[in-house]
Structure formats: C-alpha cells, structure tokens
Amino acid sequence: MKGLSKSRYTAFCQCPKNLWLKVFKPEEAIVDAGIQARFEQGNVVGDLAMQLYGDFKEAHAELPDGKLDLGKMVEQTRQWMKEGVENIAEASFVYEREHRVENALLDPDKPLFKTWKESHYCAVDILRKTADGWAIYEVKSTSFPEFNGQETKLEKYAPDIAYQKWVLTQCGINVTGTYLVCLNSDYVRQGGLDIQQLFVVKDMKAMVDDEYLKVPARVSQALKVLKSEQEPDLDLSECCMKPYGCAFFDYCKRQHGVTSPSVFDLYGVGFSFKKKLDSYHQGLITFEDLRSTDIGPIQNMQIEAALTGKEFINPAGIRKFLEKLTYPLYFLDFETMQDAVPQYDGAKVYAQITFQYSLHIKPSATADYQHTAFLAPSDGKDPRRALAEQLCEDIPKDVCTLAYNKMFERGRILELAALYPDLSDHLTNIAEHIVDLIDPFRAGDYYVPAMGGSFSIKSVLPALFPGDPELNYHNLDDRCQNGGDAMTIFPRIKDMDPEEAAASRQALLNYCKLDTWAMVKVWERLVQEAKI
C-alpha cells in the first residue's frame with residue numbers, strides 16, 4: 001500500500017522509526033500472547049458496539065486469499081451512504097491523490113512527467129448519519145467510568161480519530177462529530193446484557209480539532225519515512241513506552257548497543273522507565289556504569305549480584321518472616337479468566353472470574369503434604385459460587401494461608417465475599433489470614449543473580465532450583481504452561497470434542513498444582529536458609 005492507514009499513521013505519531021520498522025522489518029516485533037488476547041477481546045467489543053445505535057450495515061468483503069477487499073468495502077460504504085443508511089459499521093474510505101514530477105532534464109527517453117498515486121485508507125468503526133453530514137465513532141476496548149476527569153487518559157486516542165476525520169474530509173464528507181466509545185467500568189451485569197449501559201461515549205471534539213491541524217504535516221512526514229530506504233536514526237526515548245509499549249523496543253536497544261544486563265533490566269519498583277531513560281542518556285547504561293551509583297537498595301543489590309555472582313541471604317530477615325506463619329499451612333493459587341464483556345450476573349467489564357484453585361496443605365512440621373483442587377465444570381456457567389463454597393470447605397477459619405503476590409488471591413476472595421453474603425464471613429476470614437510468600441524476596445532478604453531483578457515465582461523458582469525437571473513449567477503439557485494459557489483455554493473447553501476437553505482440563509490441573517507445589521518448595525528453601 002503506497003500511502004497510510006490509520007494504524008500506520010498512529011505508529012508514526014508514536015515514533016517515525018516505529019512506522020518504518022512496522023513496514024520494512026515487521027519480523028523484529030515482539031508481540032506477546034497478552035497483546036493477542038487483547039486484540040481478540042477488541043474484536044468482541046467492536047462487534048457489540050455496532051449494535052449501539054440500532055440497525056446497521058457492516059462493510060465487509062474478502063479476496064480469494066482471505067484478505068480484506070478494501071475496494072469492495074469502499075464501494076459498499078459509498079452506496080449505503082447514498083441510500084441514507086443511518087449506521088454503517090467499518091465504513092471504509094480511500095483518499096487518493098496523484099503526484100506529478102516534471103522531467104527536469106528533458107530526457108527524450110523518459111516521459112515528460114512521472115506520476116504516481118498515494119492512497120490513504122481508514123475504516124470508521126461506526127459512521128452515523130446526522131442532519132447535515134456524518135459523525136465518527138471510534139470504538140476502543142479499554143474501560144473507563146463516566147468520563148469526568150479522564151481527559152488526559154483520552155488524549156492518546158485523538159490522533160487516530162483525527163486521521164479518520166482528515167481522510168473523510170478529503171473524500172468530501174462533512175464530518176459533524178467525533179466520538180470515542182469505550183466500555184463502562186461502572187457497569188455491573190444483571191440479567192441480559194444492557195448494551196446502552198455497557199458503553200460510555202465521549203465527545204472528542206476539542207482534542208480531535210487540535211490534532212486535526214497537525215494531520216497534513218504528519219501525513220507528509222510519514223510518507224517521507226515510507227519512501228526512504230534508510231532506517232530512521234532515532235535514539236531511545238519516552239516514545240518507546242508512550243502511549244503504548246513499542247514492540248520494537250528490544251530491537252532498538254540492540255541498534256544502540258544496549259545489551260543485557262543494562263539499566264533497562266533493573267527492578268522496576270521505585271525505578272520507573274523515565275528514570276532508566278534518564279540514566280541511559282547520562283551514559284549510565286551497563287551494570288558496570290551503574291555500580292558506583294546509589295539508585296536504590298534492591299537495584300544496587302541486583303547489580304552487585306550480577307557482577308560478582310554473590311548471593312544475598314539474610315537469615316534473620318527470613319526468620320522474621322517465617323515467624324508470622326503457623327501450622328497448618330495452606331498454599332493457595334487461583335486461576336482466572338477475564339472477559340471484556342461481562343458474562344455473568346454481578347460481574348463488571350474485565351472482571352477476574354475465578355474458575356480454579358490448587359491447595360497444598362502442610363498440617364504440621366512432621367506431617368506429609370496433602371493436595372486438593374477445584375476446577376469448575378466446562379459448561380459455560382458461572383463458576384464462582386461452586387468455587388467459593390468448596391474453598392470454604394477446604395480452608396477453615398483462622399488458619400495461615402500462603403499465596404505468592406497475595407493481592408491477587410486476596411482480591412478475588414473479597415470479591416467472592418461481596419458477591420455471596422452467606423459466605424462472606426468465612427471468605428473474609430480467609431482473606432485476612434493470607435501471608436505473602438513474595439515478601440522476603442521483595443525485602444531483599446533473599447536474592448541470587450539468576451533472579452535477574454524479578455521476584456515473580458516464575459523467576460525465583462528456577463533461580464533456586466536450576467535444572468530441576470519437576471519444577472520446570474516447560475515440561476508441562478503445551479496446552480497450559482502459564483497463567484495466560486489457563487486464562488484463554490478454560491472458556492474454550494466447552495466447545496472442544498470430549499478427548500481434547502479432557503486433555504485440556506488435565507493440563508489446567510497439572511499447571512495449577514505446580515504453582516502451589518512451587519510455593520511449597522520456595523517455603524522449604526526459606527526454612528533451610530533461615531536455619532530453623
């Protein structure tokens with residue numbers, strides 16, 4: 001495509017190099033599974049939003065190879081606008097302009113003029129007919145409460161909408177309004193899905209009008225980037241993470257000679273990306289560069305461990321943590337799914353729906369471990385009530401429960417307590433007695449170089465038990481080796497054939513069980529190092 005789409009335009013707005021790499025070196029992008037999952041959620045949200053204003057027609061056509069037939073979609077849009085269709089979803093427009101360059105040398109073997117066309121394409125999520133023109137509604141799967149005081153968070157969407165307005169205006173369309181449609185984070189589903197309550201709409205006129213003035217110059221600059229065979233030479237900047245994390249960040253670091261470990265690998269809590277960037281621009285990049293600086297106790301410990309191989313173990317600090325624990329010990333881990341559009345009564349948008357847990361139990365210092373688990377039926381029904389009831393049976397009141405990064409488990413339990421008043425007392429008691437197994441690591445009482453500045457259990461476990469196949473998540477079934485896999489696979493099981501469904505459920509059980517067994521092994525290592 002010789003021109004711009006709105007995705008190319010917004011890539012340029014973030015960083016010209018982002019646009020160039022997206023077109024000429026797309027293989028260098030690192031796109032994690034979480035981004036892909038959000039993209040899929042966005043499709044679901046977009047399909048629902050089409051119904052927001054009643055009857056609509058959707059512009060859609062495909063070529064034999066399965067790619068979108070943009071020309072056909074533009075024709076559909078033009079025809080429906082002529083017919084006065086009030087709501088057009090994925091309304092498609094192409095603005096083409098011809099360029100002519102005179103044969104300055106008057107070479108007789110060349111034409112007098114060299115001409116070419118550039119095309120600028122956009123698809124409007126919802127195009128609504130108004131009294132004297134058409135209004136643009138851009139749909140995003142992000143969630144906001146009613147938009148009071150949210151303007152600074154909305155600015156990042158203005159360039160996208162402004163580009164659409166520019167394309168439509170160049171096509172001769174009178175754009176009478178520009179709006180942003182997002183999910184309403186205050187909406188709680190009760191009964192059938194209420195589309196009108198699910199979405200909130202923000203008039204973006206002021207922000208878009210400001211951005212609109214910048215579009216012609218930006219389009220011209222973006223086209224120059226696309227016409228150049230030379231990769232833009234731009235240094236690392238806040239654009240690498242603003243307004244979105246750039247998929248080419250690792251590539252650009254390599255281009256500027258930044259290799260790991262570097263300032264960008266330092267533990268992030270208390271040391272923001274902006275601080276890391278400031279350090280980079282001061283020439284403090286490698287751990288050797290940073291060794292003599294005082295940037296924070298955890299970061300300094302990480303640097304020293306990486307450079308010397310030294311382990312930092314504070315038995316007194318570990319003992320102080322372990323003194324909080326009393327038998328019996330309950331090691332708990334949850335798995336959840338997260339839907340942009342709430343599927344169950346009492347759920348909000350992007351609610352964490354708990355469908356599974358694993359529980360390892362150590363009754364006493366000398367007793368063997370016991371294990372129990374819950375995995376909701378794969379029938380598409382709300383799993384939370386049955387899970388909450390079983391959890392109350394499996395964990396008595398007033399016992400010590402261990403979780404890794406406890407705010408997650410505690411948050412889910414308190415949500416269940418609010419949802420089921422008859423279980424609230426017991427669930428709240430469980431939540432109040434959770435101790436966080438990550439605490440001694442975050443406090444710096446136990447750090448080894450292999451942790452690499454991360455205290456997640458996926459980093460701590462292999463660092464403490466290198467090469468142990470029993471504790472290697474990669475040895476699990478490919479169906480489920482991490483929380484992202486669990487989140488996506490469970491809601492799909494109901495549509496699988498019986499054999500695949502059974503295998504997927506077993507993969508979920510094995511994964512969650514390893515999470516709590518990992519906690520057990522970490523706790524045992526803490527006990528060993530504390531010399532209790």
# chains A, B, ... in the order shown; residues from 1 in each chain; ligands from 1
$ residues_around --residues "segment 180-182 of chain A" --least-positions-apart "3" --cutoff "7 Å" --atoms "only C-alpha atoms" --output "MDAnalysis selection string"
chainID A and resid 137:144 199:204
$ write_last_selection --atoms "C-alpha atoms" --output "compact mmCIF listing (two decimals), in the first residue's frame"
# COMPACT_ATOMS: atom_id res chain seq x y z
CA TYR A 137 -17.48 6.89 16.47
CA GLU A 138 -14.21 5.20 17.32
CA VAL A 139 -14.59 2.07 19.49
CA LYS A 140 -11.90 1.01 21.96
CA SER A 141 -11.98 -1.99 24.26
CA THR A 142 -10.43 0.00 27.10
CA SER A 143 -12.64 0.68 30.11
CA PHE A 144 -13.45 3.95 31.86
CA PHE A 199 -20.68 1.53 26.78
CA VAL A 200 -19.86 5.15 27.53
CA VAL A 201 -19.48 7.75 24.78
CA LYS A 202 -17.19 10.77 24.95
CA ASP A 203 -17.38 13.79 22.64
CA MET A 204 -13.76 14.22 21.46
$ select_by_dssp --residues "segment 276-480 of chain A" --states "strand (DSSP E or B)" --output "PyMOL selection string"
chain A and resi 286+312-313+329-339+348+351-362+370-375+400-403+434-436+446-447
$ closest_residue --among "A:Glu409, A:Asp398, A:Glu238, A:Asp379" --to "Ile430 of chain A" --atoms "only C-alpha atoms"
A:Asp398
$ residues_around --residues "Val85 of chain A" --least-positions-apart "2" --cutoff "9 Å" --atoms "only C-alpha atoms" --output "count of residues only"
10
$ residues_around --residues "segment 434-449 of chain A" --least-positions-apart "2" --cutoff "7 Å" --atoms "only C-alpha atoms" --output "PyMOL selection string"
chain A and resi 298+302+305-306+309+311-314+317-318+321+400-406+430-432+451-452+455
$ residues_around --residues "Gln197 of chain A" --least-positions-apart "4" --cutoff "12 Å" --atoms "only C-alpha atoms" --output "list in words"
Ala49, Leu52, Pro145, Glu146, Val181, Cys182, Leu183, Asn184, Ser185, Asp186, Tyr187, Val188, Arg189, Gln190, Gly192, Leu193, Val201, Val341, Pro342, Lys348 and Val349 of chain A
$ atom_distance --atom1 "atom CA of Gly453 of chain A" --atom2 "atom CA of Leu266 of chain A"
5.8 Å
$ closest_atom_pairs --of "segment 120-157 of chain A" --to "segment 161-164 of chain A" --cutoff "9 Å" --atoms "only C-alpha atoms" --output "JSON lines"
{"residue": "A:Tyr121", "atom": "CA", "partner": "A:Gln164", "partner_atom": "CA", "distance": 8.5}
{"residue": "A:Cys122", "atom": "CA", "partner": "A:Gln164", "partner_atom": "CA", "distance": 6.1}
{"residue": "A:Ala123", "atom": "CA", "partner": "A:Gln164", "partner_atom": "CA", "distance": 7.7}
{"residue": "A:Val124", "atom": "CA", "partner": "A:Gln164", "partner_atom": "CA", "distance": 7.1}
{"residue": "A:Ile136", "atom": "CA", "partner": "A:Ile161", "partner_atom": "CA", "distance": 7.8}
{"residue": "A:Tyr137", "atom": "CA", "partner": "A:Ile161", "partner_atom": "CA", "distance": 8.4}
{"residue": "A:Glu138", "atom": "CA", "partner": "A:Ile161", "partner_atom": "CA", "distance": 6.8}
{"residue": "A:Tyr157", "atom": "CA", "partner": "A:Ile161", "partner_atom": "CA", "distance": 6.7}
$ closest_residue --among "A:Tyr179, A:Trp20, A:Trp166, A:Tyr511" --to "Leu476 of chain A" --atoms "only C-alpha atoms"
A:Tyr511
$ atom_distance --atom1 "atom CA of Ile173 of chain A" --atom2 "atom CA of Tyr53 of chain A"
20.6 Å
$ residues_around --residues "Leu236 of chain A" --least-positions-apart "4" --cutoff "8 Å" --atoms "only C-alpha atoms" --output "PyMOL selection string"
chain A and resi 240+252-253+277
$ write_last_selection --atoms "C-alpha atoms" --output "short mmCIF file (atom, residue, chain, number, x, y, z; two decimals), in the first residue's frame"
data_model
loop_
_atom_site.label_atom_id
_atom_site.label_comp_id
_atom_site.auth_asym_id
_atom_site.auth_seq_id
_atom_site.Cartn_x
_atom_site.Cartn_y
_atom_site.Cartn_z
CA CYS A 240 9.32 3.68 23.45
CA CYS A 252 16.12 -0.58 19.03
CA LYS A 253 18.10 -1.31 22.19
CA LEU A 277 15.87 6.51 30.36
#
$ closest_residue --among "A:Met207, A:Asn43, A:Thr169, A:Ala247" --to "Ala11 of chain A" --atoms "only C-alpha atoms"
A:Ala247
$ atom_distance --atom1 "atom CA of Gln14 of chain A" --atom2 "atom CA of Val225 of chain A"
13.4 Å
$ closest_residue --among "A:Cys239, A:Met487, A:Met73, A:Ala131" --to "Phe273 of chain A" --atoms "only C-alpha atoms"
A:Cys239
$ select_by_dssp --residues "segment 413-524 of chain A" --states "alpha helix (DSSP H)" --output "mmCIF file with C-alpha atoms, in the first residue's frame"
data_model
loop_
_atom_site.group_PDB
_atom_site.id
_atom_site.type_symbol
_atom_site.label_atom_id
_atom_site.label_comp_id
_atom_site.auth_asym_id
_atom_site.auth_seq_id
_atom_site.Cartn_x
_atom_site.Cartn_y
_atom_site.Cartn_z
ATOM 1 C CA ILE A 413 -11.638 -13.827 47.702
ATOM 2 C CA LEU A 414 -13.012 -10.450 48.807
ATOM 3 C CA GLU A 415 -14.900 -10.165 45.505
ATOM 4 C CA LEU A 416 -16.485 -13.540 46.198
ATOM 5 C CA ALA A 417 -17.328 -12.404 49.734
ATOM 6 C CA ALA A 418 -19.135 -9.347 48.349
ATOM 7 C CA LEU A 419 -20.966 -11.466 45.811
ATOM 8 C CA SER A 424 -18.864 -13.554 53.363
ATOM 9 C CA ASP A 425 -17.779 -14.144 56.960
ATOM 10 C CA HIS A 426 -15.780 -17.265 56.136
ATOM 11 C CA LEU A 427 -14.261 -15.872 52.924
ATOM 12 C CA THR A 428 -13.270 -12.606 54.581
ATOM 13 C CA ASN A 429 -11.604 -14.565 57.367
ATOM 14 C CA ILE A 430 -9.536 -16.489 54.806
ATOM 15 C CA ALA A 431 -8.541 -13.252 53.089
ATOM 16 C CA GLU A 432 -7.473 -11.628 56.353
ATOM 17 C CA ASP A 439 7.721 -10.659 50.995
ATOM 18 C CA PRO A 440 11.235 -11.884 51.917
ATOM 19 C CA PHE A 441 12.310 -11.586 48.287
ATOM 20 C CA ARG A 442 10.921 -8.076 47.841
ATOM 21 C CA ILE A 457 7.684 -17.073 41.168
ATOM 22 C CA LYS A 458 8.482 -17.869 37.532
ATOM 23 C CA SER A 459 11.869 -16.190 38.112
ATOM 24 C CA VAL A 460 12.506 -17.215 41.723
ATOM 25 C CA LEU A 461 11.745 -20.918 41.233
ATOM 26 C CA PRO A 462 14.330 -21.709 38.505
ATOM 27 C CA ALA A 463 16.843 -19.467 40.267
ATOM 28 C CA LEU A 464 16.562 -21.505 43.474
ATOM 29 C CA GLY A 483 -1.377 -18.192 33.525
ATOM 30 C CA GLY A 484 -2.110 -16.703 30.119
ATOM 31 C CA ASP A 485 -2.672 -20.193 28.714
ATOM 32 C CA ALA A 486 -5.014 -21.019 31.610
ATOM 33 C CA MET A 487 -6.980 -17.813 31.127
ATOM 34 C CA THR A 488 -7.622 -18.489 27.445
ATOM 35 C CA ILE A 489 -8.054 -22.257 27.396
ATOM 36 C CA PRO A 498 -14.529 -34.820 24.579
ATOM 37 C CA GLU A 499 -10.977 -36.091 24.167
ATOM 38 C CA GLU A 500 -9.441 -32.639 23.727
ATOM 39 C CA ALA A 501 -11.589 -31.242 26.539
ATOM 40 C CA ALA A 502 -10.374 -33.932 28.941
ATOM 41 C CA ALA A 503 -6.754 -33.342 27.986
ATOM 42 C CA SER A 504 -7.148 -29.580 28.405
ATOM 43 C CA ARG A 505 -8.742 -29.941 31.836
ATOM 44 C CA GLN A 506 -5.907 -32.210 32.957
ATOM 45 C CA ALA A 507 -3.390 -29.678 31.641
ATOM 46 C CA LEU A 508 -5.077 -26.977 33.739
ATOM 47 C CA LEU A 509 -4.997 -29.160 36.855
ATOM 48 C CA ASN A 510 -1.323 -30.002 36.368
ATOM 49 C CA TYR A 511 -0.353 -26.381 35.818
ATOM 50 C CA CYS A 512 -2.158 -25.005 38.851
ATOM 51 C CA LYS A 513 -0.845 -27.850 41.008
ATOM 52 C CA LEU A 514 2.706 -26.967 40.008
ATOM 53 C CA ASP A 515 2.065 -23.362 41.072
ATOM 54 C CA THR A 516 1.311 -24.371 44.650
ATOM 55 C CA TRP A 517 3.992 -27.058 44.724
ATOM 56 C CA ALA A 518 6.442 -24.352 43.614
ATOM 57 C CA MET A 519 5.330 -22.306 46.613
ATOM 58 C CA VAL A 520 5.948 -25.290 48.867
ATOM 59 C CA LYS A 521 9.489 -25.692 47.544
ATOM 60 C CA VAL A 522 10.226 -21.972 47.914
ATOM 61 C CA TRP A 523 8.954 -22.052 51.501
ATOM 62 C CA GLU A 524 11.105 -25.096 52.244
#
$ residues_around --residues "Gln299 of chain A" --least-positions-apart "4" --cutoff "9 Å" --atoms "only C-alpha atoms" --output "list in words"
Leu266, Tyr267, Gly268, Phe271, Asp294, Ile295, Ile303, Glu304 and Gly453 of chain A
